[in-house]
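With mmCIF, C-alpha atoms inside, this is my_file09.cif:
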```cif
data_coords
#
loop_
_atom_site.group_PDB
_atom_site.id
_atom_site.type_symbol
_atom_site.label_atom_id
_atom_site.label_comp_id
_atom_site.auth_asym_id
_atom_site.auth_seq_id
_atom_site.Cartn_x
_atom_site.Cartn_y
_atom_site.Cartn_z
ATOM 1 C CA MET A 1 20.530 -32.430 -5.988
ATOM 2 C CA THR A 2 19.315 -28.842 -5.762
ATOM 3 C CA GLN A 3 21.887 -26.200 -6.609
ATOM 4 C CA TYR A 4 21.980 -22.650 -5.281
ATOM 5 C CA ARG A 5 24.244 -19.638 -5.130
ATOM 6 C CA VAL A 6 24.750 -17.018 -2.446
ATOM 7 C CA GLU A 7 24.356 -13.340 -3.329
ATOM 8 C CA LEU A 8 25.841 -10.634 -1.077
ATOM 9 C CA ALA A 9 25.013 -6.929 -1.177
ATOM 10 C CA GLN A 10 25.803 -3.964 1.060
ATOM 11 C CA TYR A 11 23.435 -0.998 1.450
ATOM 12 C CA THR A 12 24.153 2.350 3.089
ATOM 13 C CA GLU A 13 21.012 4.245 2.043
ATOM 14 C CA ASN A 14 17.301 3.479 2.218
ATOM 15 C CA GLN A 15 16.571 0.685 -0.201
ATOM 16 C CA ARG A 16 13.642 -1.264 -1.605
ATOM 17 C CA LEU A 17 14.433 -4.754 -2.876
ATOM 18 C CA THR A 18 12.495 -7.826 -3.920
ATOM 19 C CA SER A 19 13.993 -11.020 -2.596
ATOM 20 C CA TYR A 20 13.221 -13.702 -5.249
ATOM 21 C CA CYS A 21 15.241 -16.146 -3.139
ATOM 22 C CA ASN A 22 14.831 -19.099 -0.783
ATOM 23 C CA ALA A 23 16.401 -17.417 2.255
ATOM 24 C CA ILE A 24 17.432 -13.872 3.087
ATOM 25 C CA THR A 25 19.446 -12.431 5.965
ATOM 26 C CA PHE A 26 19.763 -8.774 6.947
ATOM 27 C CA ILE A 27 22.819 -7.872 9.051
ATOM 28 C CA ASN A 28 22.880 -4.443 10.676
ATOM 29 C CA ASN A 29 26.587 -3.598 10.611
ATOM 30 C CA GLY A 30 25.968 0.057 11.489
ATOM 31 C CA ALA A 31 25.886 1.948 14.773
ATOM 32 C CA ASN A 32 22.127 2.668 14.834
ATOM 33 C CA THR A 33 18.878 0.712 14.691
ATOM 34 C CA ILE A 34 17.427 0.146 11.211
ATOM 35 C CA LEU A 35 13.992 -0.977 10.090
ATOM 36 C CA VAL A 36 13.295 -3.782 7.635
ATOM 37 C CA ASN A 37 9.590 -3.621 6.738
ATOM 38 C CA ASN A 38 9.092 -1.756 10.044
ATOM 39 C CA PHE A 39 10.844 -4.516 12.049
ATOM 40 C CA PRO A 40 13.649 -2.961 14.153
ATOM 41 C CA ILE A 41 17.136 -4.473 13.940
ATOM 42 C CA VAL A 42 19.533 -3.032 16.509
ATOM 43 C CA ALA A 43 23.206 -2.448 15.729
ATOM 44 C CA GLY A 44 25.074 -5.741 15.423
ATOM 45 C CA ALA A 45 21.915 -7.865 15.130
ATOM 46 C CA THR A 46 20.525 -9.907 12.248
ATOM 47 C CA LEU A 47 17.136 -10.796 10.809
ATOM 48 C CA ASP A 48 17.097 -14.209 9.124
ATOM 49 C CA ILE A 49 14.142 -15.346 7.012
ATOM 50 C CA SER A 50 14.511 -18.866 5.677
ATOM 51 C CA GLY A 51 12.382 -21.069 3.462
ATOM 52 C CA ASN A 52 11.787 -24.758 2.960
ATOM 53 C CA ALA A 53 13.255 -26.695 0.041
ATOM 54 C CA GLY A 54 11.785 -25.458 -3.242
ATOM 55 C CA GLU A 55 10.209 -22.302 -1.809
ATOM 56 C CA ILE A 56 10.879 -18.856 -3.275
ATOM 57 C CA ASP A 57 10.238 -15.691 -1.237
ATOM 58 C CA VAL A 58 8.926 -12.826 -3.392
ATOM 59 C CA THR A 59 8.492 -10.287 -0.592
ATOM 60 C CA GLU A 60 9.412 -6.687 -1.302
ATOM 61 C CA TYR A 61 11.625 -5.504 1.559
ATOM 62 C CA GLN A 62 12.146 -1.882 2.576
ATOM 63 C CA ILE A 63 15.377 -1.090 4.430
ATOM 64 C CA ASN A 64 15.048 2.187 6.350
ATOM 65 C CA PHE A 65 18.064 3.784 8.044
ATOM 66 C CA LEU A 66 15.867 6.315 9.877
ATOM 67 C CA GLY A 67 17.670 9.356 8.497
ATOM 68 C CA VAL A 68 21.179 8.418 9.617
ATOM 69 C CA VAL A 69 24.121 6.839 7.828
ATOM 70 C CA GLY A 70 23.867 3.070 8.075
ATOM 71 C CA ASN A 71 25.411 -0.164 6.913
ATOM 72 C CA CYS A 72 23.284 -3.218 6.151
ATOM 73 C CA TRP A 73 24.496 -6.414 4.532
ATOM 74 C CA VAL A 74 21.953 -8.606 2.753
ATOM 75 C CA ILE A 75 22.689 -12.263 2.029
ATOM 76 C CA LYS A 76 20.367 -14.193 -0.310
ATOM 77 C CA LYS A 77 20.263 -17.926 -1.018
ATOM 78 C CA MET A 78 19.242 -18.217 -4.682
ATOM 79 C CA PHE A 79 18.227 -21.510 -6.334
ATOM 80 C CA LEU A 80 19.661 -22.107 -9.802
#
```
Could you write out this file's structure as structure tokens?
Amino acid sequence: MTQYRVELAQYTENQRLTSYCNAITFINNGANTILVNNFPIVAGATLDISGNAGEIDVTEYQINFLGVVGNCWVIKKMFL
């Protein structure tokens, strides 16, 4: 049986993060569109990037709030 844990983080300013996880979800909980690696996520929407069993994503993600106050939740599925 493969074990994993879930890691939650909230960001309100531009952020660069490396995933090192199997799956990652970005939730735009703010009032304005944000960019994640130049992909637009409108207010209230999510971007979900999942992997197959045993895969680890090592992408470096850039969250850009486009100069306004924002609120982005990031959920990572981390294998133990």
Original post:
Within 9 Å of Gly44 in chain A, counting only C-alpha atoms, which residues qualify if same-chain residues fewer than 2 places away don't, as a list of chain:residue names?
Top reply: A:Ile27, A:Asn28, A:Asn29, A:Gly30, A:Ala31, A:Asn32, A:Thr33, A:Ile41, A:Val42, A:Thr46
Write the residues of the selection above to a file with C-alpha atoms, as a PDB file, in the frame of the given file.
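Everything below was put into out.pdb:
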```
ATOM      1  CA  ILE A  27      22.819  -7.872   9.051  1.00  0.00           C
ATOM      2  CA  ASN A  28      22.880  -4.443  10.676  1.00  0.00           C
ATOM      3  CA  ASN A  29      26.587  -3.598  10.611  1.00  0.00           C
ATOM      4  CA  GLY A  30      25.968   0.057  11.489  1.00  0.00           C
ATOM      5  CA  ALA A  31      25.886   1.948  14.773  1.00  0.00           C
ATOM      6  CA  ASN A  32      22.127   2.668  14.834  1.00  0.00           C
ATOM      7  CA  THR A  33      18.878   0.712  14.691  1.00  0.00           C
ATOM      8  CA  ILE A  41      17.136  -4.473  13.940  1.00  0.00           C
ATOM      9  CA  VAL A  42      19.533  -3.032  16.509  1.00  0.00           C
ATOM     10  CA  THR A  46      20.525  -9.907  12.248  1.00  0.00           C
TER      11      THR A  46
END
```
Tell me which protein, DNA and RNA residues are within 12 Å of Asn38 in chain A, counting all atoms listed in the file, leaving out same-chain ones fewer than 2 positions away, and put them as a compact mmCIF listing (two decimals) with C-alpha atoms, keeping the file's coordinate frame.
```
# COMPACT_ATOMS: atom_id res chain seq x y z
CA THR A 33 18.88 0.71 14.69
CA ILE A 34 17.43 0.15 11.21
CA LEU A 35 13.99 -0.98 10.09
CA VAL A 36 13.30 -3.78 7.64
CA PRO A 40 13.65 -2.96 14.15
CA ILE A 41 17.14 -4.47 13.94
CA TYR A 61 11.62 -5.50 1.56
CA GLN A 62 12.15 -1.88 2.58
CA ILE A 63 15.38 -1.09 4.43
CA ASN A 64 15.05 2.19 6.35
CA PHE A 65 18.06 3.78 8.04
CA LEU A 66 15.87 6.32 9.88
```
Original post:
Expressed in Å to a single decimal, how great is the separation between CA of Tyr20 in chain A and CA of Asn71 in chain A?
Top reply: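 Taking CA of Tyr20 in chain A as the start and CA of Asn71 in chain A as the end point, the length is 21.9 Å.
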Subject >> Residue neighbourhood Glu7 in chain A, 12 Å, only C-alpha atoms, exclusion window fewer than 6 positions, as a PyMOL selection string >> reply: chain A and resi 19-25+73-80
Original post:
By how many Å are CA of Asn52 in chain A and CA of Tyr11 in chain A apart?
Top reply: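 These atoms are spaced 26.5 Å apart.
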Original post:
From the set A:Asn37, A:Gly67, A:Ala43, A:Glu55, which residue has the shortest atom-to-atom contact distance to Arg16 in chain A, counting all atoms listed in the file?
Top reply: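 Under the stated criterion, the closest residue is A:Asn37.
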**OP:** Give me, please, the distance in Å between CA of Asp48 in chain A and CA of Val69 in chain A, quoted to one decimal.
**Re:**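 CA of Val69 in chain A lies 22.2 Å from CA of Asp48 in chain A.
Taking all atoms listed in the file into account, Thr18 in chain A lies nearest to A:Asp57 out of the set A:Ala45, A:Asp57, A:Arg5, A:Ser50.
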Around all the atoms of range 36-42 of chain A listed in the file, with 3 Å of room on each side, what axis-aligned box do you get, giving centre and edge lengths in Å to one decimal, as AutoDock Vina command-line options?
```
--center_x 14.3 --center_y -3.1 --center_z 11.6 --size_x 16.4 --size_y 8.8 --size_z 15.8
```
